[in-house]
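Peer 1: Provided herewith: work.cif, mmCIF, C-alpha atoms.
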data_protein
loop_
_atom_site.group_PDB
_atom_site.id
_atom_site.type_symbol
_atom_site.label_atom_id
_atom_site.label_comp_id
_atom_site.auth_asym_id
_atom_site.auth_seq_id
_atom_site.Cartn_x
_atom_site.Cartn_y
_atom_site.Cartn_z
ATOM 1 C CA MET A 909 -1.650 6.932 17.663
ATOM 2 C CA ASP A 910 -4.575 4.551 17.229
ATOM 3 C CA PRO A 911 -3.314 0.964 17.732
ATOM 4 C CA SER A 912 -5.037 -0.185 14.535
ATOM 5 C CA ILE A 913 -3.267 2.521 12.496
ATOM 6 C CA ALA A 914 0.064 1.647 14.105
ATOM 7 C CA ARG A 915 -0.523 -2.020 13.240
ATOM 8 C CA ALA A 916 -1.424 -1.115 9.652
ATOM 9 C CA LEU A 917 1.719 1.017 9.380
ATOM 10 C CA ILE A 918 3.880 -1.908 10.451
ATOM 11 C CA TRP A 919 2.113 -4.242 8.002
ATOM 12 C CA ALA A 920 2.365 -1.746 5.143
ATOM 13 C CA ALA A 921 6.019 -1.021 5.875
ATOM 14 C CA CYS A 922 6.793 -4.742 5.895
ATOM 15 C CA GLY A 923 4.667 -5.494 2.816
ATOM 16 C CA CYS A 924 6.019 -2.601 0.735
ATOM 17 C CA GLY A 925 9.487 -3.197 2.121
ATOM 18 C CA PHE A 926 9.228 -6.726 0.740
ATOM 19 C CA THR A 927 8.173 -5.450 -2.688
ATOM 20 C CA TRP A 928 11.127 -3.042 -2.718
ATOM 21 C CA LEU A 929 13.463 -5.857 -1.613
ATOM 22 C CA MET A 930 12.243 -7.922 -4.566
ATOM 23 C CA THR A 931 12.928 -4.990 -6.905
ATOM 24 C CA THR A 932 16.452 -4.892 -5.485
ATOM 25 C CA ALA A 933 16.854 -8.640 -5.934
ATOM 26 C CA GLY A 934 15.682 -8.389 -9.539
ATOM 27 C CA SER A 935 18.048 -5.515 -10.206
ATOM 28 C CA SER A 936 20.929 -7.713 -9.025
ATOM 29 C CA VAL A 937 20.479 -9.860 -12.152
ATOM 30 C CA VAL A 938 22.561 -7.259 -13.984
ATOM 31 C CA LEU A 939 25.566 -8.173 -11.815
ATOM 32 C CA PHE A 940 25.693 -11.609 -13.450
ATOM 33 C CA THR A 941 25.057 -10.708 -17.078
ATOM 34 C CA GLY A 942 27.070 -9.117 -19.834
ATOM 35 C CA LYS A 943 26.052 -6.639 -22.477
ATOM 36 C CA ASP A 944 24.657 -9.229 -24.888
ATOM 37 C CA PRO A 945 21.784 -7.175 -26.397
ATOM 38 C CA GLU A 946 19.746 -10.120 -27.628
ATOM 39 C CA ARG A 947 19.807 -11.956 -24.309
ATOM 40 C CA GLY A 948 18.914 -8.767 -22.499
ATOM 41 C CA LYS A 949 16.033 -8.003 -24.858
ATOM 42 C CA LEU A 950 14.557 -11.495 -24.534
ATOM 43 C CA ALA A 951 14.637 -11.313 -20.729
ATOM 44 C CA HIS A 952 13.194 -7.803 -20.883
ATOM 45 C CA HIS A 953 10.160 -8.989 -22.890
ATOM 46 C CA ILE A 954 9.494 -11.871 -20.489
ATOM 47 C CA PHE A 955 9.823 -9.661 -17.405
ATOM 48 C CA LEU A 956 7.537 -6.920 -18.722
ATOM 49 C CA GLY A 957 4.894 -9.439 -19.784
ATOM 50 C CA PHE A 958 4.943 -11.119 -16.376
ATOM 51 C CA ALA A 959 4.580 -7.760 -14.607
ATOM 52 C CA ALA A 960 1.608 -6.890 -16.843
ATOM 53 C CA GLY A 961 -0.174 -10.163 -16.074
ATOM 54 C CA VAL A 962 0.285 -9.742 -12.318
ATOM 55 C CA MET A 963 -1.013 -6.172 -12.397
ATOM 56 C CA VAL A 964 -4.133 -7.069 -14.412
ATOM 57 C CA ALA A 965 -5.064 -9.922 -12.049
ATOM 58 C CA ALA A 966 -4.307 -7.804 -8.967
ATOM 59 C CA SER A 967 -6.454 -4.975 -10.292
ATOM 60 C CA VAL A 968 -9.474 -7.264 -10.603
ATOM 61 C CA TRP A 969 -9.234 -9.620 -7.624
ATOM 62 C CA SER A 970 -7.387 -7.445 -5.086
ATOM 63 C CA LEU A 971 -8.800 -4.003 -5.897
ATOM 64 C CA LEU A 972 -11.985 -3.818 -7.995
ATOM 65 C CA ASN A 973 -13.795 -6.761 -6.363
ATOM 66 C CA PRO A 974 -13.123 -5.459 -2.809
ATOM 67 C CA ALA A 975 -14.122 -1.950 -3.936
ATOM 68 C CA ILE A 976 -17.512 -3.215 -5.138
ATOM 69 C CA GLU A 977 -18.051 -5.371 -2.039
ATOM 70 C CA GLN A 978 -17.197 -2.612 0.416
ATOM 71 C CA ALA A 979 -19.356 -0.084 -1.436
ATOM 72 C CA GLU A 980 -22.315 -2.450 -1.197
ATOM 73 C CA GLU A 981 -21.639 -2.980 2.517
ATOM 74 C CA LEU A 982 -21.825 0.797 2.935
ATOM 75 C CA GLY A 983 -25.217 0.834 1.195
ATOM 76 C CA GLN A 984 -23.888 2.263 -2.058
ATOM 77 C CA ILE A 985 -24.363 1.063 -5.631
ATOM 78 C CA GLY A 986 -21.252 -1.058 -6.076
ATOM 79 C CA TRP A 987 -20.386 -0.232 -9.657
ATOM 80 C CA ILE A 988 -20.466 3.560 -9.201
ATOM 81 C CA PRO A 989 -17.335 3.943 -7.008
ATOM 82 C CA ALA A 990 -15.686 1.071 -8.910
ATOM 83 C CA ALA A 991 -16.158 2.738 -12.300
ATOM 84 C CA GLY A 992 -15.683 6.290 -11.024
ATOM 85 C CA GLY A 993 -12.535 5.534 -9.045
ATOM 86 C CA PHE A 994 -11.139 3.490 -11.934
ATOM 87 C CA LEU A 995 -11.547 6.402 -14.355
ATOM 88 C CA LEU A 996 -10.028 8.835 -11.850
ATOM 89 C CA GLY A 997 -7.005 6.542 -11.529
ATOM 90 C CA VAL A 998 -6.613 6.513 -15.297
ATOM 91 C CA ALA A 999 -6.913 10.316 -15.401
ATOM 92 C CA PHE A 1000 -4.280 10.650 -12.660
ATOM 93 C CA LEU A 1001 -1.769 8.528 -14.575
ATOM 94 C CA ILE A 1002 -2.525 10.368 -17.823
ATOM 95 C CA ALA A 1003 -1.739 13.636 -16.006
ATOM 96 C CA LEU A 1004 1.540 12.232 -14.659
ATOM 97 C CA ASP A 1005 2.361 10.758 -18.062
ATOM 98 C CA THR A 1006 1.760 14.165 -19.645
ATOM 99 C CA LEU A 1007 3.706 16.217 -17.108
ATOM 100 C CA LEU A 1008 6.561 14.042 -15.814
ATOM 101 C CA PRO A 1009 9.540 13.823 -18.198
ATOM 102 C CA HIS A 1010 10.204 10.159 -19.027
ATOM 103 C CA LEU A 1011 11.403 7.851 -21.782
ATOM 104 C CA HIS A 1012 10.088 4.388 -22.582
ATOM 105 C CA VAL A 1013 12.518 1.611 -23.456
ATOM 106 C CA GLY A 1014 12.839 1.253 -27.225
ATOM 107 C CA SER A 1015 11.868 4.868 -27.867
ATOM 108 C CA ASP A 1016 14.089 7.804 -28.782
ATOM 109 C CA GLU A 1017 11.515 10.527 -28.087
ATOM 110 C CA PRO A 1018 11.001 11.517 -24.427
ATOM 111 C CA GLU A 1019 7.474 12.217 -23.196
ATOM 112 C CA GLY A 1020 6.163 14.751 -20.715
ATOM 113 C CA LEU A 1021 7.401 18.287 -20.169
ATOM 114 C CA ARG A 1022 10.753 19.225 -21.646
ATOM 115 C CA ALA A 1023 13.637 18.804 -19.221
ATOM 116 C CA GLY A 1024 17.398 18.634 -19.481
ATOM 117 C CA TRP A 1025 17.462 15.143 -17.989
ATOM 118 C CA LYS A 1026 19.766 12.410 -19.267
ATOM 119 C CA ARG A 1027 18.326 9.543 -21.291
ATOM 120 C CA THR A 1028 18.892 7.060 -18.443
ATOM 121 C CA THR A 1029 17.170 9.372 -15.923
ATOM 122 C CA LEU A 1030 14.163 9.575 -18.220
ATOM 123 C CA MET A 1031 14.063 5.756 -18.493
ATOM 124 C CA VAL A 1032 14.058 5.301 -14.706
ATOM 125 C CA SER A 1033 11.380 8.000 -14.405
ATOM 126 C CA ALA A 1034 9.102 5.935 -16.666
ATOM 127 C CA VAL A 1035 9.363 2.910 -14.355
ATOM 128 C CA THR A 1036 8.866 5.011 -11.221
ATOM 129 C CA LEU A 1037 5.514 6.147 -12.635
ATOM 130 C CA HIS A 1038 3.938 2.699 -12.366
ATOM 131 C CA ASN A 1039 5.470 1.878 -8.986
ATOM 132 C CA ILE A 1040 3.287 4.580 -7.405
ATOM 133 C CA PRO A 1041 -0.090 2.782 -7.786
ATOM 134 C CA GLU A 1042 1.518 -0.501 -6.710
ATOM 135 C CA GLY A 1043 2.602 0.988 -3.374
ATOM 136 C CA MET A 1044 -0.796 2.638 -2.948
ATOM 137 C CA SER A 1045 -2.584 -0.665 -3.579
ATOM 138 C CA VAL A 1046 -0.695 -2.551 -0.880
ATOM 139 C CA GLY A 1047 -1.105 0.283 1.630
ATOM 140 C CA LEU A 1048 -4.855 0.550 0.961
ATOM 141 C CA LEU A 1049 -5.529 -3.133 1.613
ATOM 142 C CA PHE A 1050 -3.514 -3.128 4.845
ATOM 143 C CA ALA A 1051 -5.435 -0.019 5.934
ATOM 144 C CA MET A 1052 -8.722 -1.833 5.209
ATOM 145 C CA ALA A 1053 -7.544 -4.861 7.170
ATOM 146 C CA SER A 1054 -6.803 -2.672 10.195
ATOM 147 C CA GLN A 1055 -10.239 -1.003 10.044
ATOM 148 C CA ALA A 1056 -12.305 -4.178 9.592
ATOM 149 C CA SER A 1057 -12.970 -6.654 12.369
ATOM 150 C CA GLY A 1058 -13.456 -10.395 12.670
ATOM 151 C CA ALA A 1059 -13.652 -12.474 9.510
ATOM 152 C CA ALA A 1060 -13.720 -9.401 7.263
ATOM 153 C CA GLY A 1061 -10.460 -8.141 8.759
ATOM 154 C CA ASP A 1062 -8.830 -11.535 8.260
ATOM 155 C CA THR A 1063 -10.023 -11.630 4.644
ATOM 156 C CA TYR A 1064 -8.621 -8.197 3.846
ATOM 157 C CA LEU A 1065 -5.380 -9.075 5.609
ATOM 158 C CA GLY A 1066 -5.035 -12.224 3.516
ATOM 159 C CA MET A 1067 -5.731 -10.202 0.367
ATOM 160 C CA ALA A 1068 -3.158 -7.598 1.399
ATOM 161 C CA PHE A 1069 -0.476 -10.237 1.920
ATOM 162 C CA ALA A 1070 -1.421 -11.893 -1.377
ATOM 163 C CA LEU A 1071 -1.135 -8.561 -3.192
ATOM 164 C CA ALA A 1072 2.212 -7.755 -1.549
ATOM 165 C CA LEU A 1073 3.491 -11.210 -2.501
ATOM 166 C CA GLY A 1074 2.188 -10.907 -6.060
ATOM 167 C CA ILE A 1075 3.634 -7.435 -6.579
ATOM 168 C CA GLY A 1076 6.868 -8.617 -5.005
ATOM 169 C CA LEU A 1077 7.043 -11.486 -7.488
ATOM 170 C CA GLN A 1078 6.510 -9.161 -10.425
ATOM 171 C CA ASN A 1079 8.971 -6.642 -8.977
ATOM 172 C CA PHE A 1080 11.776 -9.174 -9.320
ATOM 173 C CA PRO A 1081 11.564 -9.224 -13.127
ATOM 174 C CA GLU A 1082 10.665 -5.538 -13.087
ATOM 175 C CA GLY A 1083 13.894 -4.713 -11.271
ATOM 176 C CA ALA A 1084 15.784 -6.651 -13.916
ATOM 177 C CA ALA A 1085 13.777 -4.859 -16.622
ATOM 178 C CA VAL A 1086 15.204 -1.587 -15.261
ATOM 179 C CA SER A 1087 18.805 -2.567 -14.622
ATOM 180 C CA LEU A 1088 19.403 -4.574 -17.824
ATOM 181 C CA PRO A 1089 18.513 -1.711 -20.216
ATOM 182 C CA LEU A 1090 20.666 0.640 -18.118
ATOM 183 C CA ARG A 1091 23.553 -1.777 -18.567
ATOM 184 C CA ARG A 1092 22.963 -1.759 -22.320
ATOM 185 C CA GLU A 1093 22.974 2.051 -22.173
ATOM 186 C CA GLY A 1094 26.543 1.936 -20.853
ATOM 187 C CA PHE A 1095 26.109 1.935 -17.064
ATOM 188 C CA SER A 1096 28.507 -0.167 -15.018
ATOM 189 C CA ARG A 1097 26.998 -3.308 -13.466
ATOM 190 C CA TRP A 1098 26.950 -1.810 -9.956
ATOM 191 C CA LYS A 1099 25.537 1.546 -11.016
ATOM 192 C CA ALA A 1100 22.780 -0.170 -13.019
ATOM 193 C CA PHE A 1101 22.002 -2.328 -9.959
ATOM 194 C CA VAL A 1102 21.769 0.637 -7.544
ATOM 195 C CA VAL A 1103 19.599 2.732 -9.863
ATOM 196 C CA GLY A 1104 17.337 -0.266 -10.566
ATOM 197 C CA SER A 1105 16.892 -0.833 -6.839
ATOM 198 C CA LEU A 1106 16.096 2.822 -6.134
ATOM 199 C CA SER A 1107 13.409 2.828 -8.831
ATOM 200 C CA GLY A 1108 11.216 0.854 -6.406
ATOM 201 C CA ILE A 1109 11.638 3.086 -3.353
ATOM 202 C CA VAL A 1110 8.402 4.958 -4.127
ATOM 203 C CA GLU A 1111 6.383 1.843 -3.213
ATOM 204 C CA PRO A 1112 7.052 1.898 0.562
ATOM 205 C CA ILE A 1113 6.779 5.706 0.521
ATOM 206 C CA PHE A 1114 3.300 5.710 -1.035
ATOM 207 C CA GLY A 1115 2.200 2.572 0.835
ATOM 208 C CA VAL A 1116 2.935 4.130 4.228
ATOM 209 C CA ALA A 1117 1.518 7.510 3.134
ATOM 210 C CA VAL A 1118 -1.824 5.891 2.257
ATOM 211 C CA VAL A 1119 -2.047 4.237 5.690
ATOM 212 C CA LEU A 1120 -1.291 7.562 7.407
ATOM 213 C CA ALA A 1121 -4.131 9.133 5.427
ATOM 214 C CA ALA A 1122 -6.512 6.228 6.120
ATOM 215 C CA GLY A 1123 -8.506 8.199 8.701
ATOM 216 C CA TRP A 1124 -9.418 10.825 6.099
ATOM 217 C CA ILE A 1125 -9.946 8.519 3.118
ATOM 218 C CA SER A 1126 -11.836 5.773 4.959
ATOM 219 C CA PRO A 1127 -15.308 6.868 3.694
ATOM 220 C CA TYR A 1128 -13.905 6.868 0.162
ATOM 221 C CA MET A 1129 -12.017 3.571 0.393
ATOM 222 C CA PRO A 1130 -13.986 1.915 -2.460
ATOM 223 C CA TRP A 1131 -13.083 4.864 -4.681
ATOM 224 C CA MET A 1132 -9.430 4.678 -3.654
ATOM 225 C CA LEU A 1133 -9.199 0.932 -4.350
ATOM 226 C CA ALA A 1134 -10.710 1.428 -7.801
ATOM 227 C CA PHE A 1135 -8.430 4.453 -8.305
ATOM 228 C CA ALA A 1136 -5.362 2.250 -7.748
ATOM 229 C CA ALA A 1137 -6.788 -0.359 -10.132
ATOM 230 C CA GLY A 1138 -7.348 2.233 -12.860
ATOM 231 C CA ALA A 1139 -3.826 3.559 -12.465
ATOM 232 C CA MET A 1140 -2.362 0.051 -12.709
ATOM 233 C CA ILE A 1141 -4.399 -0.909 -15.774
ATOM 234 C CA TYR A 1142 -3.358 2.318 -17.490
ATOM 235 C CA VAL A 1143 0.293 1.402 -16.942
ATOM 236 C CA VAL A 1144 -0.296 -2.096 -18.331
ATOM 237 C CA VAL A 1145 -2.035 -0.880 -21.492
ATOM 238 C CA GLU A 1146 0.101 2.219 -22.089
ATOM 239 C CA GLU A 1147 3.530 0.808 -21.280
ATOM 240 C CA LEU A 1148 4.045 -2.790 -20.233
ATOM 241 C CA ILE A 1149 2.196 -4.762 -22.916
ATOM 242 C CA PRO A 1150 3.366 -2.588 -25.848
ATOM 243 C CA GLU A 1151 6.990 -2.820 -24.690
ATOM 244 C CA ALA A 1152 6.689 -6.560 -24.052
ATOM 245 C CA HIS A 1153 5.723 -7.019 -27.711
ATOM 246 C CA LEU A 1154 8.386 -4.887 -29.370
ATOM 247 C CA GLY A 1155 10.545 -6.654 -31.957
ATOM 248 C CA GLU A 1156 10.772 -10.347 -32.701
ATOM 249 C CA HIS A 1157 10.254 -11.754 -29.192
ATOM 250 C CA SER A 1158 6.550 -10.895 -28.868
ATOM 251 C CA ASN A 1159 5.523 -14.496 -28.173
ATOM 252 C CA VAL A 1160 7.561 -14.686 -24.960
ATOM 253 C CA GLY A 1161 5.989 -11.401 -23.858
ATOM 254 C CA THR A 1162 2.532 -12.933 -24.323
ATOM 255 C CA LEU A 1163 3.491 -16.028 -22.340
ATOM 256 C CA GLY A 1164 4.867 -13.761 -19.607
ATOM 257 C CA VAL A 1165 1.495 -11.966 -19.364
ATOM 258 C CA ILE A 1166 -0.364 -15.278 -19.062
ATOM 259 C CA ALA A 1167 2.035 -16.642 -16.425
ATOM 260 C CA GLY A 1168 1.836 -13.480 -14.333
ATOM 261 C CA PHE A 1169 -1.974 -13.385 -14.513
ATOM 262 C CA VAL A 1170 -2.412 -17.018 -13.477
ATOM 263 C CA ILE A 1171 0.080 -16.821 -10.599
ATOM 264 C CA MET A 1172 -1.486 -13.642 -9.162
ATOM 265 C CA MET A 1173 -5.002 -15.037 -9.551
ATOM 266 C CA VAL A 1174 -4.060 -18.224 -7.685
ATOM 267 C CA LEU A 1175 -2.315 -16.268 -4.926
ATOM 268 C CA ASP A 1176 -5.253 -13.948 -4.411
ATOM 269 C CA VAL A 1177 -7.888 -16.684 -4.346
ATOM 270 C CA ALA A 1178 -5.792 -18.986 -2.149
ATOM 271 C CA LEU A 1179 -4.758 -16.352 0.405
ATOM 272 C CA GLY A 1180 -7.687 -13.930 0.181
#
Would you mind writing the structure in this file as structure tokens?
Peer 2:
Amino acid sequence: MDPSIARALIWAACGCGFTWLMTTAGSSVVLFTGKDPERGKLAHHIFLGFAAGVMVAASVWSLLNPAIEQAEELGQIGWIPAAGGFLLGVAFLIALDTLLPHLHVGSDEPEGLRAGWKRTTLMVSAVTLHNIPEGMSVGLLFAMASQASGAAGDTYLGMAFALALGIGLQNFPEGAAVSLPLRREGFSRWKAFVVGSLSGIVEPIFGVAVVLAAGWISPYMPWMLAFAAGAMIYVVVEELIPEAHLGEHSNVGTLGVIAGFVIMMVLDVALG
């Protein structure tokens, strides 16, 4: 195996492993809370808003900007792969959203194809959907860091670590946003914790898979970065922000979005 690919695999495994660990840590919040529905709902709004803010900032600074820059370095018109890949990412998530059975928190009507799945399984499926582009995003940047050399490689590596850290930070509240509703649905504390943790396992899977495919997708890296950005923005607009503003706690959801955006922006600029 090419040493640069092996190095990228180790980085991606560590970076996505960290994001999954943070999902697990967030899920552990359920072990220390009761079934108080109001407290759980308030925390849920804050956590979803924070995750949305992080994903919006990451999509711009960690994915779309590098996509445009790399396209221009390759002699391409920067906005074409950025816009094209973005729209393909949106289309991909729309297809998954249409086909995969899932249920959003606060809704009684499942979406996707009909399946005999339990309500709680459908809820976890909804969260798993938006963990896929997060894992892809981290893997893509580590793959770019392994392919670039000199200052460019260091820049991409810093951006990759910033993205992994940012997604890890938002995965903590996201893990809680999975386990707390499961607890309200009647799961035991430990079962809600385990299921919440497992909802993030797709991130290291897709992160490592992207690095393994780096040799084939390298010429299309700007498209792939924009693809991940489009998928993430779709999740934010379709799921996170609407759910963060359900009911009477919409103001804390808004503040969560702002906090997540600012923190991710600072991380990306400081480290990248």
Peer 1: Calculated over only C-alpha atoms, which of the candidates A:Val1032, A:Asn1039, A:Ala914, A:Ile1002 has the smallest distance to Glu1111 (chain A)?
Peer 2: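 Between A:Val1032, A:Asn1039, A:Ala914, A:Ile1002, the residue approaching Glu1111 (chain A) most closely is A:Asn1039.
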Peer 1: Could you tell me which residues the PyMOL selection byres ((chain A and resi 1045) around 8) returns for this structure, as a PyMOL selection string?
Peer 2: chain A and resi 971+1041-1044+1046-1049+1115+1133+1136-1137
Peer 1: What's the 9 Å shell around Leu1065 (chain A), counting all atoms listed in the file, without same-chain residues fewer than 5 positions away, as a count of residues only?
Peer 2: 9
Peer 1: Quick one: residues within 8 Å of Gly986 (chain A), all atoms listed in the file, excluding same-chain residues fewer than 5 positions away - as a count of residues only?
Peer 2: 6
Peer 1: I want to know what sits within 8 Å of region 991-998 of chain A, based on all atoms listed in the file, with residues of the same chain fewer than 4 positions away left out; could you give that as a list in words?
Peer 2: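 Everything that qualifies: Trp987, Ile1002, Pro1130, Trp1131, Met1132, Leu1133, Ala1134, Phe1135, Ala1136, Ala1137, Gly1138, Ala1139, Ile1141 and Tyr1142 of chain A.
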Peer 1: Could you write out as an MDAnalysis selection string the residues that the PyMOL selection byres ((chain A and resi 1073) around 10) matches in the shown file?
Peer 2: chainID A and resid 923:924 926:927 930 1046 1067:1072 1074:1079 1172 1175:1176
Peer 1: Name the residues that the PyMOL selection byres ((chain A and resi 1102-1108) around 10) picks from the file above, as a ChimeraX atom specification, using the file's chain letters and numbers.
Peer 2: /A:924-925,927-936,938,1028-1029,1032-1040,1042-1043,1079,1082-1090,1095,1097-1101,1109-1113
Peer 1: One decimal, in Å: what's the spacing between CA of Thr1006 (chain A) and CA of Leu1021 (chain A)?
Peer 2: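 Separation of CA of Thr1006 (chain A) and CA of Leu1021 (chain A): 7.0 Å.
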Peer 1: Extending 6 Å beyond the listed atoms of region 1031-1037 of chain A on each side, what axis-aligned box results? I want centre and edge lengths in Å to one decimal, as lines of an AutoDock Vina configuration file.
Peer 2:
center_x = 9.8
center_y = 5.5
center_z = -14.9
size_x = 20.5
size_y = 17.1
size_z = 19.3
Peer 1: Could you check which of A:Ile913, A:Ile954, A:Val1177, A:Val1143 is closest to Asn973 (chain A), using only C-alpha atoms?
Peer 2: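 The answer is A:Val1177, which sits nearest to Asn973 (chain A).
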Peer 1: Rank A:Arg1092, A:Val1119, A:Glu1017, A:Leu982 by their smallest atom-to-atom distance to Leu917 (chain A), using only C-alpha atoms, and report the top residue only.
Peer 2: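 That would be A:Val1119, the residue with the smallest distance to Leu917 (chain A).
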Peer 1: Please identify all polymer residues within 9 Å of region 1161-1166 of chain A, counting all atoms listed in the file, omitting same-chain residues fewer than 4 positions from it, and present them as a list of chain:residue names.
Peer 2: A:Leu950, A:His952, A:His953, A:Ile954, A:Phe955, A:Leu956, A:Gly957, A:Phe958, A:Ala959, A:Ala960, A:Gly961, A:Val962, A:Val964, A:Ile1149, A:Glu1151, A:Ala1152, A:His1153, A:Leu1154, A:His1157, A:Val1170, A:Ile1171
Peer 1: Between A:Ala916, A:Ala999, A:Leu972, A:Ile988, which has the minimum distance to Ala1122 (chain A) (counting only C-alpha atoms)?
Peer 2: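 Closest to Ala1122 (chain A) of all the choices is A:Ala916.
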Peer 1: For a quick check of understanding, using all atoms listed in the file, which of A:Met1140, A:Ala1051, A:Val1174, A:Leu1007 has the smallest distance to Ala1121 (chain A)?
Peer 2: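 Among the listed residues, the smallest separation from Ala1121 (chain A) belongs to A:Ala1051.
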Peer 1: If I take CA of Gln1055 (chain A) and CA of Phe1000 (chain A), how far is one from the other in Å, to one decimal?
Peer 2: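 Between CA of Gln1055 (chain A) and CA of Phe1000 (chain A) the gap works out to 26.2 Å.
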Peer 1: Work out how far CA of Ala1178 (chain A) is from CA of Ile918 (chain A), in Å to one decimal.
Peer 2: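 Distance between the two atoms: 23.3 Å.
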Peer 1: Taking all atoms listed in the file into account, name the residue in A:Trp919, A:Ser912, A:Ile1125, A:Phe1114 that is nearest to Gly1066 (chain A).
Peer 2: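 Comparing A:Trp919, A:Ser912, A:Ile1125, A:Phe1114 against Gly1066 (chain A), the winner is A:Trp919.
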